[in-house]
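Shown next: target-v4.cif, containing mmCIF, C-alpha atoms and all ligand atoms.
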```cif
data_my_file
#
loop_
_atom_site.group_PDB
_atom_site.id
_atom_site.type_symbol
_atom_site.label_atom_id
_atom_site.label_comp_id
_atom_site.auth_asym_id
_atom_site.auth_seq_id
_atom_site.Cartn_x
_atom_site.Cartn_y
_atom_site.Cartn_z
ATOM 1 C CA MET N 1 -12.099 5.946 -6.441
ATOM 2 C CA SER N 2 -11.874 7.960 -3.225
ATOM 3 C CA SER N 3 -13.909 6.637 -0.336
ATOM 4 C CA ASN N 4 -16.028 9.798 -0.388
ATOM 5 C CA LYS N 5 -16.956 9.301 -4.029
ATOM 6 C CA LEU N 6 -17.670 5.657 -3.321
ATOM 7 C CA ASP N 7 -19.972 6.624 -0.425
ATOM 8 C CA VAL N 8 -21.879 8.977 -2.715
ATOM 9 C CA LEU N 9 -22.168 6.322 -5.401
ATOM 10 C CA TYR N 10 -23.333 3.715 -2.900
ATOM 11 C CA ARG N 11 -25.901 6.133 -1.477
ATOM 12 C CA GLN N 12 -27.254 6.719 -4.986
ATOM 13 C CA VAL N 13 -27.560 2.985 -5.617
ATOM 14 C CA ILE N 14 -29.391 2.501 -2.300
ATOM 15 C CA MET N 15 -31.808 5.369 -2.985
ATOM 16 C CA ASP N 16 -32.448 4.099 -6.506
ATOM 17 C CA HIS N 17 -33.512 0.696 -5.152
ATOM 18 C CA TYR N 18 -35.604 2.376 -2.449
ATOM 19 C CA LYS N 19 -37.422 4.666 -4.876
ATOM 20 C CA ASN N 20 -37.662 2.177 -7.748
ATOM 21 C CA PRO N 21 -37.832 -1.184 -6.017
ATOM 22 C CA ARG N 22 -37.197 -4.206 -8.207
ATOM 23 C CA ASN N 23 -39.474 -7.195 -7.789
ATOM 24 C CA ARG N 24 -42.058 -5.547 -5.586
ATOM 25 C CA GLY N 25 -45.244 -7.587 -5.344
ATOM 26 C CA VAL N 26 -46.463 -11.058 -4.525
ATOM 27 C CA ILE N 27 -46.067 -14.302 -6.454
ATOM 28 C CA GLU N 28 -49.465 -15.919 -6.384
ATOM 29 C CA ASP N 29 -48.924 -19.527 -7.437
ATOM 30 C CA ASP N 30 -47.000 -22.265 -5.693
ATOM 31 C CA SER N 31 -44.819 -19.838 -3.845
ATOM 32 C CA LEU N 32 -42.996 -20.034 -0.564
ATOM 33 C CA THR N 33 -44.170 -17.198 1.637
ATOM 34 C CA ILE N 34 -42.302 -15.836 4.629
ATOM 35 C CA ASN N 35 -43.241 -12.891 6.802
ATOM 36 C CA MET N 36 -40.606 -11.302 8.957
ATOM 37 C CA ASN N 37 -40.325 -8.170 10.982
ATOM 38 C CA ASN N 38 -37.644 -6.179 12.687
ATOM 39 C CA PRO N 39 -38.727 -6.210 16.337
ATOM 40 C CA THR N 40 -36.786 -3.071 17.173
ATOM 41 C CA CYS N 41 -38.813 -0.851 14.818
ATOM 42 C CA GLY N 42 -41.756 -2.965 13.646
ATOM 43 C CA ASP N 43 -40.808 -2.732 9.978
ATOM 44 C CA ARG N 44 -41.896 -5.799 8.080
ATOM 45 C CA ILE N 45 -41.381 -7.738 4.917
ATOM 46 C CA GLN N 46 -43.316 -10.416 3.132
ATOM 47 C CA LEU N 47 -41.189 -12.421 0.763
ATOM 48 C CA THR N 48 -42.538 -14.832 -1.813
ATOM 49 C CA LEU N 49 -40.241 -17.159 -3.713
ATOM 50 C CA LYS N 50 -40.878 -19.598 -6.488
ATOM 51 C CA VAL N 51 -38.469 -22.512 -6.591
ATOM 52 C CA GLU N 52 -38.284 -25.076 -9.373
ATOM 53 C CA ASN N 53 -35.701 -27.860 -9.515
ATOM 54 C CA ASP N 54 -33.702 -26.204 -6.731
ATOM 55 C CA ILE N 55 -33.505 -22.930 -8.664
ATOM 56 C CA VAL N 56 -35.069 -19.702 -7.415
ATOM 57 C CA VAL N 57 -36.998 -18.819 -10.533
ATOM 58 C CA ASP N 58 -38.835 -15.838 -9.070
ATOM 59 C CA ALA N 59 -38.658 -13.625 -5.991
ATOM 60 C CA LYS N 60 -40.894 -10.751 -4.915
ATOM 61 C CA PHE N 61 -41.325 -8.718 -1.781
ATOM 62 C CA GLU N 62 -43.865 -6.479 -0.093
ATOM 63 C CA GLY N 63 -43.525 -4.540 3.100
ATOM 64 C CA GLU N 64 -42.752 -1.317 4.840
ATOM 65 C CA GLY N 65 -39.490 -0.179 6.211
ATOM 66 C CA CYS N 66 -36.598 2.196 6.120
ATOM 67 C CA SER N 67 -34.567 2.894 3.005
ATOM 68 C CA ILE N 68 -31.915 0.371 4.023
ATOM 69 C CA SER N 69 -34.325 -2.512 4.615
ATOM 70 C CA MET N 70 -36.373 -1.895 1.481
ATOM 71 C CA SER N 71 -33.416 -1.293 -0.818
ATOM 72 C CA SER N 72 -31.747 -4.389 0.588
ATOM 73 C CA ALA N 73 -34.890 -6.434 -0.177
ATOM 74 C CA SER N 74 -34.909 -5.080 -3.717
ATOM 75 C CA MET N 75 -31.226 -5.943 -4.216
ATOM 76 C CA MET N 76 -31.632 -9.360 -2.657
ATOM 77 C CA THR N 77 -34.532 -10.379 -4.911
ATOM 78 C CA GLN N 78 -32.591 -9.151 -7.924
ATOM 79 C CA ALA N 79 -29.495 -11.073 -6.864
ATOM 80 C CA ILE N 80 -31.074 -14.459 -6.194
ATOM 81 C CA LYS N 81 -33.411 -14.735 -9.165
ATOM 82 C CA GLY N 82 -32.223 -17.534 -11.396
ATOM 83 C CA LYS N 83 -29.727 -18.821 -8.824
ATOM 84 C CA PRO N 84 -29.606 -22.308 -7.330
ATOM 85 C CA ILE N 85 -30.768 -22.444 -3.684
ATOM 86 C CA GLU N 86 -27.256 -23.284 -2.554
ATOM 87 C CA GLU N 87 -25.791 -20.213 -4.232
ATOM 88 C CA ALA N 88 -28.495 -17.937 -2.819
ATOM 89 C CA LEU N 89 -27.637 -19.199 0.675
ATOM 90 C CA VAL N 90 -23.913 -18.594 0.127
ATOM 91 C CA LEU N 91 -24.767 -15.088 -1.000
ATOM 92 C CA ALA N 92 -26.812 -14.561 2.191
ATOM 93 C CA ASN N 93 -23.828 -15.616 4.321
ATOM 94 C CA THR N 94 -21.447 -13.402 2.395
ATOM 95 C CA PHE N 95 -23.820 -10.474 2.714
ATOM 96 C CA SER N 96 -24.283 -11.009 6.443
ATOM 97 C CA ASP N 97 -20.499 -11.077 6.981
ATOM 98 C CA MET N 98 -20.046 -8.008 4.794
ATOM 99 C CA VAL N 99 -22.524 -5.817 6.694
ATOM 100 C CA GLN N 100 -21.009 -6.938 9.986
ATOM 101 C CA GLY N 101 -17.676 -5.648 8.772
ATOM 102 C CA LYS N 102 -16.031 -9.063 8.614
ATOM 103 C CA ASP N 103 -13.396 -9.744 6.013
ATOM 104 C CA VAL N 104 -15.196 -11.446 3.188
ATOM 105 C CA GLU N 105 -13.551 -13.449 0.525
ATOM 106 C CA VAL N 106 -15.795 -13.228 -2.444
ATOM 107 C CA ASP N 107 -15.627 -16.080 -4.859
ATOM 108 C CA GLU N 108 -15.049 -14.550 -8.274
ATOM 109 C CA ASP N 109 -18.042 -16.453 -9.641
ATOM 110 C CA LEU N 110 -20.260 -14.769 -7.091
ATOM 111 C CA ASP N 111 -21.534 -11.530 -8.524
ATOM 112 C CA LEU N 112 -22.396 -9.125 -5.713
ATOM 113 C CA GLY N 113 -23.680 -6.479 -8.119
ATOM 114 C CA ASP N 114 -25.537 -3.667 -6.373
ATOM 115 C CA ILE N 115 -25.320 -5.445 -3.025
ATOM 116 C CA GLU N 116 -21.889 -4.022 -2.442
ATOM 117 C CA ALA N 117 -23.533 -0.629 -2.001
ATOM 118 C CA LEU N 118 -24.681 -1.805 1.433
ATOM 119 C CA SER N 119 -21.174 -2.618 2.628
ATOM 120 C CA GLY N 120 -21.002 0.737 4.442
ATOM 121 C CA VAL N 121 -23.761 -0.389 6.806
ATOM 122 C CA CYS N 122 -21.082 -2.009 8.977
ATOM 123 C CA LYS N 123 -20.204 1.495 10.196
ATOM 124 C CA PHE N 124 -23.704 1.827 11.635
ATOM 125 C CA PRO N 125 -24.331 -1.222 13.834
ATOM 126 C CA ALA N 126 -27.923 -0.181 14.548
ATOM 127 C CA ARG N 127 -28.715 -0.555 10.845
ATOM 128 C CA ILE N 128 -27.346 -4.068 10.391
ATOM 129 C CA LYS N 129 -30.718 -5.593 11.269
ATOM 130 C CA CYS N 130 -32.348 -3.325 8.672
ATOM 131 C CA ALA N 131 -29.982 -4.573 5.981
ATOM 132 C CA THR N 132 -30.331 -8.244 6.851
ATOM 133 C CA LEU N 133 -34.130 -8.411 7.314
ATOM 134 C CA ALA N 134 -34.942 -9.546 3.771
ATOM 135 C CA TRP N 135 -31.947 -11.881 3.687
ATOM 136 C CA LYS N 136 -33.024 -13.627 6.880
ATOM 137 C CA ALA N 137 -36.468 -14.084 5.352
ATOM 138 C CA MET N 138 -34.888 -15.591 2.240
ATOM 139 C CA GLU N 139 -32.698 -17.950 4.271
ATOM 140 C CA LYS N 140 -35.664 -19.089 6.324
ATOM 141 C CA ALA N 141 -37.782 -19.728 3.239
ATOM 142 C CA LEU N 142 -35.049 -21.668 1.445
ATOM 143 C CA HIS N 143 -34.081 -23.732 4.483
ATOM 144 C CA GLU N 144 -37.710 -24.749 4.832
ATOM 145 C CA GLU N 145 -37.825 -25.646 1.152
ATOM 146 C CA ASP N 146 -34.702 -27.757 1.616
ATOM 147 C CA LYS N 147 -36.220 -29.897 4.385
HETATM 148 FE FE1 LIG W 1 -36.867 -0.614 10.624
HETATM 149 FE FE2 LIG W 1 -34.674 -0.189 9.348
HETATM 150 S S1 LIG W 1 -35.559 1.104 10.812
HETATM 151 S S2 LIG W 1 -35.906 -1.943 9.268
#
```
Can the structure from this file be put into structure tokens for me?
Amino acid sequence: MSSNKLDVLYRQVIMDHYKNPRNRGVIEDDSLTINMNNPTCGDRIQLTLKVENDIVVDAKFEGEGCSISMSSASMMTQAIKGKPIEEALVLANTFSDMVQGKDVEVDEDLDLGDIEALSGVCKFPARIKCATLAWKAMEKALHEEDK
């Protein structure tokens, strides 16, 4: 696929997650809750995760932000649901490298799914913090759970 077509496809995936966010809301019971904001713009996210036996069984988010931050939160919650903590953290590292434009070697077992649509963010350094906001919240929550 030409890179132009790929850009258009990726933009459609991002807008779909922005307009129809997956996993929007709050998990009420026994959840880990993390609030995080992007200090440069004030956009914020509240992430709630439910972890059982080291598996992320549920993930939801609330918040306000730009299309990149909100679509990224939607993709992230979709990607980590049902995954072991360890795998969710590997995914967070891979994603962070990807949006910084680093060469990422993706393990073939690791399904990036829609997340790949955000790979173009590396061309816009000012937006990297938008893309990683929800992922940083997830890492923080899971590291605290691990303690
Ligand atoms: Fe605020 Fe993107 S502009 S998170």
On this structure, which residues satisfy the PyMOL selection byres (((chain N and resi 136) around 12) and not hetatm), written as a PyMOL selection string? chain N and resi 34-38+44-47+69+72-73+76+88-89+91-93+95-96+128-135+137-143
Same residues, C-alpha atoms, saved as a CSV table (one decimal), keeping the file's coordinate frame:
```
chain,number,residue,atom,x,y,z
N,34,ILE,CA,-42.3,-15.8,4.6
N,35,ASN,CA,-43.2,-12.9,6.8
N,36,MET,CA,-40.6,-11.3,9.0
N,37,ASN,CA,-40.3,-8.2,11.0
N,38,ASN,CA,-37.6,-6.2,12.7
N,44,ARG,CA,-41.9,-5.8,8.1
N,45,ILE,CA,-41.4,-7.7,4.9
N,46,GLN,CA,-43.3,-10.4,3.1
N,47,LEU,CA,-41.2,-12.4,0.8
N,69,SER,CA,-34.3,-2.5,4.6
N,72,SER,CA,-31.7,-4.4,0.6
N,73,ALA,CA,-34.9,-6.4,-0.2
N,76,MET,CA,-31.6,-9.4,-2.7
N,88,ALA,CA,-28.5,-17.9,-2.8
N,89,LEU,CA,-27.6,-19.2,0.7
N,91,LEU,CA,-24.8,-15.1,-1.0
N,92,ALA,CA,-26.8,-14.6,2.2
N,93,ASN,CA,-23.8,-15.6,4.3
N,95,PHE,CA,-23.8,-10.5,2.7
N,96,SER,CA,-24.3,-11.0,6.4
N,128,ILE,CA,-27.3,-4.1,10.4
N,129,LYS,CA,-30.7,-5.6,11.3
N,130,CYS,CA,-32.3,-3.3,8.7
N,131,ALA,CA,-30.0,-4.6,6.0
N,132,THR,CA,-30.3,-8.2,6.9
N,133,LEU,CA,-34.1,-8.4,7.3
N,134,ALA,CA,-34.9,-9.5,3.8
N,135,TRP,CA,-31.9,-11.9,3.7
N,137,ALA,CA,-36.5,-14.1,5.4
N,138,MET,CA,-34.9,-15.6,2.2
N,139,GLU,CA,-32.7,-18.0,4.3
N,140,LYS,CA,-35.7,-19.1,6.3
N,141,ALA,CA,-37.8,-19.7,3.2
N,142,LEU,CA,-35.0,-21.7,1.4
N,143,HIS,CA,-34.1,-23.7,4.5
```
I need the residue set behind the PyMOL selection byres (((chain N and resi 83) around 6) and not hetatm) for this file; please write it as a VMD selection string. chain N and resid 55 to 56 80 to 82 84
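Shortest atom-to-atom contact with Val57 in chain N among N:Ile27, N:Met70, N:Asp103, N:Thr33: N:Ile27, counting all atoms listed in the file.
Of the listed residues N:Ser67, N:Thr77, N:Thr40, N:Gln100, the one whose atoms come nearest to Gly25 in chain N is N:Thr77, with distances taken using only C-alpha atoms.
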Axis-aligned box for all listed atoms of range 48-60 of chain N, 8 Å per side, centre and edges in Å to one decimal, as lines of an AutoDock Vina configuration file:
```
center_x = -38.0
center_y = -19.3
center_z = -6.2
size_x = 25.0
size_y = 33.1
size_z = 24.7
```
For CA of Lys19 in chain N and CA of Leu49 in chain N, the interatomic separation in Å (one decimal): 22.0 Å
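Within the file as shown, the PyMOL selection byres (((chain N and resi 109) around 12) and not hetatm) identifies Lys83, Glu87, Val90, Leu91, Glu105, Val106, Asp107, Glu108, Leu110, Asp111, Leu112 and Gly113 of chain N.
The environment of Tyr10 in chain N within 8 Å, counting all atoms listed in the file and disregarding residues fewer than 6 places along the same chain, consists of Glu116, Ala117 and Leu118 of chain N.
Counting all atoms listed in the file, the residue from N:Gly101, N:Glu86, N:Val51, N:Asp16 that sits nearest to Gly120 in chain N is N:Gly101.
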